[in-house]
Amino acid sequence: MIPHDKLFIPGPVEVSPKTLAAFSRPMIGHRGEDFKNLYRAIHPDLQRLFGTKQPVFLSTSSAWGVMEASIRNLVDRGVLTCMCGAFSDKWFDVAKRCGKNAEPLQVEWGKHIDHKAVHRHLATGKFDTVTLIHNETSTGVMNPLAEICCVLAKYPDVALIVDTVSSFAGVKIEMDALGIDVLLTGAQKALALPPGFSLFCVSDKAFVRAEKIPNRGFYFDFLEFKKQQAGWMTPSTPSIGHIHALQSKLEEIFEEGPDARFDRHARTNALVHDWVRRTGFDFFAEEDFRSKTLTCVKNNRGIDVLELVRKLREKHHLVIDPGYGKIKGQTFRLSNMGDETEETVSHLLACLDDVL
């Protein structure tokens, strides 16, 4: 039997046989009691993982669907888009395409969003919403979420939307304690589920705002999600396979313990960082603001990154990412998110040594 190519890219990540088995459980009706019982059963653990008392919503879409929804549901006067890489940069484009008044807070790729800069922009009074990506997947930058949330606390009329797509379930995030108004994530990163599904949570403040915003649409109307969740349903037909897989994954997460899971991500991340230093490479993200779930390696050695990726796949059946967007080839990315352990990450690094 030919081994499959194992993914160490920053999503989709490797999905375990146990999770895939749960994903392929027999179908149930999405408007019947079986589905309501399934949603009801997983909800308390979802709230614990989100650090919230608010309802947690299930969206059959990529996280981009919820990102656009957040703009359509919350932005009235203007949105400040914090931009530090390929994905956070897209928020600006999304806001413009939704017809909203958007202004960028742009920093150089590899740099973090400074909470003082957020403060300066909000002091103008032009914005009622801020978008932030916690963990910028393209550059490996983890923005200082707590510091930025402290700034937002001084502006109670401004809503904060936080994308935690590549940090959720890999690092601790407490939505309610931080005062986040929309917290959204995807299935295919540190949750280690198949792609095509997302989860999100909305504050009471954000619901009040949404009630006053016209043209929210239907598929992603926050108020529709809230109404349906009250009866343990979703506004439209959900991916039941994803929810079965999520149930299985939540059992694993709380069996391991969330804090133990976060610690495991920190340890595997440290292994990658040690390898970067040992091999003479550098980090693309600035020190003290580096992701705990992936590493964006700067190609300061001038190697042929595409050849490295090809050799690793052909010889060892391991897949890494050759850099995203305008830094493709100038960087490469190594993921340690999801179910990866010190043993599996050490194997990846040994195989990288071999092909280098």
# chains A, B, ... in the order shown; residues from 1 in each chain; ligands from 1
>>> closest_atom_pairs(of="range 206-251 of chain A", to="range 95-102 of chain A", cutoff="12 Å", atoms="only C-alpha atoms", output="Markdown table")
| residue | atom | partner | partner_atom | distance |
| --- | --- | --- | --- | --- |
| A:Ile213 | CA | A:Lys100 | CA | 11.8 |
| A:Asn215 | CA | A:Cys98 | CA | 10.2 |
| A:Arg216 | CA | A:Cys98 | CA | 10.1 |
| A:Gly217 | CA | A:Cys98 | CA | 11.1 |
>>> write_last_selection(atoms="N, CA and C atoms", output="PDB file, in the first residue's frame")
ATOM      1  N   ILE A 213     -28.652  47.167  11.522  1.00  0.00           N
ATOM      2  CA  ILE A 213     -27.971  47.186  10.226  1.00  0.00           C
ATOM      3  C   ILE A 213     -28.876  46.582   9.151  1.00  0.00           C
ATOM      4  N   ASN A 215     -29.829  45.166   5.260  1.00  0.00           N
ATOM      5  CA  ASN A 215     -29.166  44.389   4.203  1.00  0.00           C
ATOM      6  C   ASN A 215     -28.084  43.454   4.740  1.00  0.00           C
ATOM      7  N   ARG A 216     -28.442  42.724   5.796  1.00  0.00           N
ATOM      8  CA  ARG A 216     -27.498  41.744   6.346  1.00  0.00           C
ATOM      9  C   ARG A 216     -27.453  40.481   5.506  1.00  0.00           C
ATOM     10  N   GLY A 217     -28.428  40.327   4.600  1.00  0.00           N
ATOM     11  CA  GLY A 217     -28.538  39.082   3.858  1.00  0.00           C
ATOM     12  C   GLY A 217     -29.268  38.042   4.679  1.00  0.00           C
TER      13      GLY A 217
END
>>> residues_around(residues="Trp109 in chain A", least_positions_apart="4", cutoff="10 Å", atoms="only C-alpha atoms", output="list in words")
Met83, Cys84, Gly85, Ala86, Asp89, Glu136, Ser138, Thr139, Gly140, Val141, Phe284, Ala285, Glu286, Lys326 and Ile327 of chain A
>>> select_by_dssp(residues="range 142-222 of chain A", states="alpha helix (DSSP H)", output="mmCIF file with C-alpha atoms, in the first residue's frame")
data_model
loop_
_atom_site.group_PDB
_atom_site.id
_atom_site.type_symbol
_atom_site.label_atom_id
_atom_site.label_comp_id
_atom_site.auth_asym_id
_atom_site.auth_seq_id
_atom_site.Cartn_x
_atom_site.Cartn_y
_atom_site.Cartn_z
ATOM 1 C CA LEU A 145 -4.610 40.099 21.395
ATOM 2 C CA ALA A 146 -4.841 41.017 25.089
ATOM 3 C CA GLU A 147 -3.201 44.419 24.584
ATOM 4 C CA ILE A 148 -5.430 45.248 21.625
ATOM 5 C CA CYS A 149 -8.531 44.165 23.569
ATOM 6 C CA CYS A 150 -7.488 46.504 26.402
ATOM 7 C CA VAL A 151 -7.492 49.381 23.904
ATOM 8 C CA LEU A 152 -10.944 48.384 22.608
ATOM 9 C CA MET A 175 -13.773 35.543 24.381
ATOM 10 C CA ASP A 176 -15.860 36.992 27.217
ATOM 11 C CA ALA A 177 -12.915 38.002 29.401
ATOM 12 C CA LEU A 178 -11.243 39.749 26.458
ATOM 13 C CA ASP A 204 -24.786 40.738 23.068
ATOM 14 C CA LYS A 205 -23.383 44.108 21.970
ATOM 15 C CA ALA A 206 -22.885 42.773 18.461
ATOM 16 C CA PHE A 207 -26.431 41.387 18.310
ATOM 17 C CA VAL A 208 -27.808 44.820 19.272
ATOM 18 C CA ARG A 209 -25.706 46.398 16.533
ATOM 19 C CA ALA A 210 -26.851 43.843 13.946
ATOM 20 C CA GLU A 211 -30.504 44.620 14.656
ATOM 21 C CA PHE A 222 -26.426 36.711 12.890
#
>>> residues_around(residues="Leu348 in chain A", least_positions_apart="5", cutoff="12 Å", atoms="only C-alpha atoms", output="VMD selection string")
chain A and resid 6 to 9 268 271 to 272 275 312 to 313 315 to 320 334 to 336 340 to 343 353 to 355
>>> closest_residue(among="A:Pro10, A:Pro258, A:Pro3, A:Gly110", to="Asp321 in chain A", atoms="only C-alpha atoms")
A:Pro10
>>> residues_around(residues="range 47-56 of chain A", least_positions_apart="2", cutoff="6 Å", atoms="only C-alpha atoms", output="MDAnalysis selection string")
chainID A and resid 44:45 174:176 200:201
>>> residues_around(residues="Phe281 in chain A", least_positions_apart="5", cutoff="8 Å", atoms="only C-alpha atoms", output="ChimeraX atom specification")
/A:276,297-301
>>> write_last_selection(atoms="all heavy atoms", output="PDB file, in the first residue's frame")
ATOM      1  N   VAL A 276      15.010  25.756  13.322  1.00  0.00           N
ATOM      2  CA  VAL A 276      15.296  26.935  12.494  1.00  0.00           C
ATOM      3  C   VAL A 276      16.653  27.522  12.877  1.00  0.00           C
ATOM      4  O   VAL A 276      17.494  27.822  12.018  1.00  0.00           O
ATOM      5  CB  VAL A 276      14.179  27.997  12.635  1.00  0.00           C
ATOM      6  CG1 VAL A 276      14.572  29.303  11.938  1.00  0.00           C
ATOM      7  CG2 VAL A 276      12.864  27.471  12.047  1.00  0.00           C
ATOM      8  N   VAL A 297       9.352  30.315   7.994  1.00  0.00           N
ATOM      9  CA  VAL A 297      10.813  30.308   7.986  1.00  0.00           C
ATOM     10  C   VAL A 297      11.321  31.203   6.854  1.00  0.00           C
ATOM     11  O   VAL A 297      10.914  31.057   5.708  1.00  0.00           O
ATOM     12  CB  VAL A 297      11.357  28.878   7.786  1.00  0.00           C
ATOM     13  CG1 VAL A 297      12.887  28.867   7.883  1.00  0.00           C
ATOM     14  CG2 VAL A 297      10.738  27.914   8.791  1.00  0.00           C
ATOM     15  N   LYS A 298      12.193  32.140   7.203  1.00  0.00           N
ATOM     16  CA  LYS A 298      12.787  33.025   6.199  1.00  0.00           C
ATOM     17  C   LYS A 298      13.901  32.270   5.458  1.00  0.00           C
ATOM     18  O   LYS A 298      14.790  31.683   6.089  1.00  0.00           O
ATOM     19  CB  LYS A 298      13.352  34.281   6.850  1.00  0.00           C
ATOM     20  CG  LYS A 298      13.880  35.314   5.837  1.00  0.00           C
ATOM     21  CD  LYS A 298      14.630  36.456   6.520  1.00  0.00           C
ATOM     22  CE  LYS A 298      13.695  37.339   7.320  1.00  0.00           C
ATOM     23  NZ  LYS A 298      14.429  38.516   7.890  1.00  0.00           N
ATOM     24  N   ASN A 299      13.849  32.319   4.140  1.00  0.00           N
ATOM     25  CA  ASN A 299      14.836  31.610   3.315  1.00  0.00           C
ATOM     26  C   ASN A 299      16.099  32.456   3.162  1.00  0.00           C
ATOM     27  O   ASN A 299      16.508  32.808   2.051  1.00  0.00           O
ATOM     28  CB  ASN A 299      14.228  31.255   1.954  1.00  0.00           C
ATOM     29  CG  ASN A 299      15.186  30.462   1.078  1.00  0.00           C
ATOM     30  OD1 ASN A 299      16.129  29.855   1.577  1.00  0.00           O
ATOM     31  ND2 ASN A 299      14.942  30.474  -0.221  1.00  0.00           N
ATOM     32  N   ASN A 300      16.730  32.789   4.274  1.00  0.00           N
ATOM     33  CA  ASN A 300      17.957  33.598   4.227  1.00  0.00           C
ATOM     34  C   ASN A 300      19.147  32.810   3.676  1.00  0.00           C
ATOM     35  O   ASN A 300      20.158  33.401   3.286  1.00  0.00           O
ATOM     36  CB  ASN A 300      18.292  34.140   5.616  1.00  0.00           C
ATOM     37  CG  ASN A 300      18.377  33.036   6.661  1.00  0.00           C
ATOM     38  OD1 ASN A 300      17.391  32.346   6.899  1.00  0.00           O
ATOM     39  ND2 ASN A 300      19.539  32.856   7.269  1.00  0.00           N
ATOM     40  N   ARG A 301      19.017  31.485   3.604  1.00  0.00           N
ATOM     41  CA  ARG A 301      20.085  30.653   3.047  1.00  0.00           C
ATOM     42  C   ARG A 301      20.028  30.586   1.517  1.00  0.00           C
ATOM     43  O   ARG A 301      20.947  30.068   0.879  1.00  0.00           O
ATOM     44  CB  ARG A 301      20.021  29.234   3.631  1.00  0.00           C
ATOM     45  CG  ARG A 301      20.531  29.145   5.062  1.00  0.00           C
ATOM     46  CD  ARG A 301      20.373  27.754   5.650  1.00  0.00           C
ATOM     47  NE  ARG A 301      20.895  26.687   4.792  1.00  0.00           N
ATOM     48  CZ  ARG A 301      20.911  25.400   5.111  1.00  0.00           C
ATOM     49  NH1 ARG A 301      20.439  25.026   6.298  1.00  0.00           N
ATOM     50  NH2 ARG A 301      21.385  24.502   4.287  1.00  0.00           N
TER      51      ARG A 301
END
>>> select_by_dssp(residues="range 79-169 of chain A", states="strand (DSSP E)", output="MDAnalysis selection string")
chainID A and resid 79:83 102:106 129:133 135:136 141:142 159:163
>>> closest_residue(among="A:Asn269, A:Ser16, A:Ser198, A:Ser167", to="Phe57 in chain A", atoms="only C-alpha atoms")
A:Ser198
>>> atom_distance(atom1="CA of Thr81 in chain A", atom2="CA of Asn135 in chain A")
14.6 Å
>>> closest_residue(among="A:Tyr39, A:Ala69, A:Glu103, A:Leu193", to="Gln228 in chain A", atoms="only C-alpha atoms")
A:Tyr39
>>> closest_residue(among="A:Lys172, A:Arg264, A:Lys292, A:Lys90", to="Asp339 in chain A", atoms="only C-alpha atoms")
A:Arg264
>>> atom_distance(atom1="CA of Arg267 in chain A", atom2="CA of Pro12 in chain A")
20.9 Å
>>> closest_residue(among="A:Gln330, A:Thr234, A:Gln247, A:Thr124", to="Thr60 in chain A", atoms="only C-alpha atoms")
A:Thr234
>>> residues_around(residues="range 129-133 of chain A", least_positions_apart="5", cutoff="7 Å", atoms="only C-alpha atoms", output="list in words")
Val75, Gly78, Val79, Leu80, Thr81, Cys82, Ser88, Val158, Ala159, Leu160, Ile161, Val162, Asp163 and Thr164 of chain A
>>> decode(residues="range 277-293 of chain A", atoms="N, CA, C and O atoms", output="mmCIF file, in the first residue's frame")
data_model
loop_
_atom_site.group_PDB
_atom_site.id
_atom_site.type_symbol
_atom_site.label_atom_id
_atom_site.label_comp_id
_atom_site.auth_asym_id
_atom_site.auth_seq_id
_atom_site.Cartn_x
_atom_site.Cartn_y
_atom_site.Cartn_z
ATOM 1 N N ARG A 277 16.871 27.672 14.168
ATOM 2 C CA ARG A 277 18.137 28.249 14.637
ATOM 3 C C ARG A 277 19.319 27.323 14.333
ATOM 4 O O ARG A 277 20.376 27.780 13.886
ATOM 5 N N ARG A 278 19.125 26.025 14.556
ATOM 6 C CA ARG A 278 20.216 25.065 14.367
ATOM 7 C C ARG A 278 20.656 24.981 12.909
ATOM 8 O O ARG A 278 21.845 24.790 12.622
ATOM 9 N N THR A 279 19.717 25.130 11.986
ATOM 10 C CA THR A 279 20.027 24.956 10.559
ATOM 11 C C THR A 279 20.461 26.249 9.871
ATOM 12 O O THR A 279 20.736 26.247 8.675
ATOM 13 N N GLY A 280 20.516 27.338 10.642
ATOM 14 C CA GLY A 280 20.996 28.587 10.059
ATOM 15 C C GLY A 280 19.957 29.377 9.287
ATOM 16 O O GLY A 280 20.289 30.339 8.592
ATOM 17 N N PHE A 281 18.689 28.977 9.416
ATOM 18 C CA PHE A 281 17.618 29.777 8.825
ATOM 19 C C PHE A 281 17.226 30.882 9.813
ATOM 20 O O PHE A 281 17.757 30.969 10.922
ATOM 21 N N ASP A 282 16.270 31.701 9.418
ATOM 22 C CA ASP A 282 15.798 32.774 10.278
ATOM 23 C C ASP A 282 14.275 32.742 10.296
ATOM 24 O O ASP A 282 13.641 31.990 9.545
ATOM 25 N N PHE A 283 13.680 33.567 11.126
ATOM 26 C CA PHE A 283 12.222 33.660 11.231
ATOM 27 C C PHE A 283 11.733 34.856 10.424
ATOM 28 O O PHE A 283 12.353 35.917 10.440
ATOM 29 N N PHE A 284 10.608 34.674 9.745
ATOM 30 C CA PHE A 284 10.022 35.799 9.028
ATOM 31 C C PHE A 284 9.308 36.727 10.000
ATOM 32 O O PHE A 284 9.352 37.952 9.857
ATOM 33 N N ALA A 285 8.637 36.180 10.990
ATOM 34 C CA ALA A 285 7.921 36.991 11.985
ATOM 35 C C ALA A 285 8.903 37.528 13.025
ATOM 36 O O ALA A 285 9.873 36.858 13.384
ATOM 37 N N GLU A 286 8.631 38.736 13.502
ATOM 38 C CA GLU A 286 9.534 39.353 14.476
ATOM 39 C C GLU A 286 9.466 38.639 15.824
ATOM 40 O O GLU A 286 8.447 38.025 16.177
ATOM 41 N N GLU A 287 10.548 38.731 16.560
ATOM 42 C CA GLU A 287 10.656 38.073 17.857
ATOM 43 C C GLU A 287 9.585 38.594 18.813
ATOM 44 O O GLU A 287 9.189 39.757 18.754
ATOM 45 N N ASP A 288 9.092 37.710 19.658
ATOM 46 C CA ASP A 288 8.050 37.988 20.660
ATOM 47 C C ASP A 288 6.649 38.048 20.058
ATOM 48 O O ASP A 288 5.672 38.227 20.797
ATOM 49 N N PHE A 289 6.537 37.906 18.743
ATOM 50 C CA PHE A 289 5.214 37.934 18.106
ATOM 51 C C PHE A 289 5.108 36.791 17.091
ATOM 52 O O PHE A 289 4.600 36.974 15.996
ATOM 53 N N ARG A 290 5.601 35.616 17.494
ATOM 54 C CA ARG A 290 5.613 34.462 16.594
ATOM 55 C C ARG A 290 4.514 33.480 16.974
ATOM 56 O O ARG A 290 4.285 33.209 18.152
ATOM 57 N N SER A 291 3.889 32.936 15.964
ATOM 58 C CA SER A 291 2.805 31.980 16.139
ATOM 59 C C SER A 291 3.246 30.766 16.944
ATOM 60 O O SER A 291 4.398 30.347 16.881
ATOM 61 N N LYS A 292 2.297 30.186 17.675
ATOM 62 C CA LYS A 292 2.536 28.952 18.415
ATOM 63 C C LYS A 292 2.047 27.718 17.646
ATOM 64 O O LYS A 292 2.248 26.586 18.097
ATOM 65 N N THR A 293 1.410 27.933 16.498
ATOM 66 C CA THR A 293 0.835 26.803 15.759
ATOM 67 C C THR A 293 1.503 26.555 14.405
ATOM 68 O O THR A 293 1.266 25.511 13.794
#
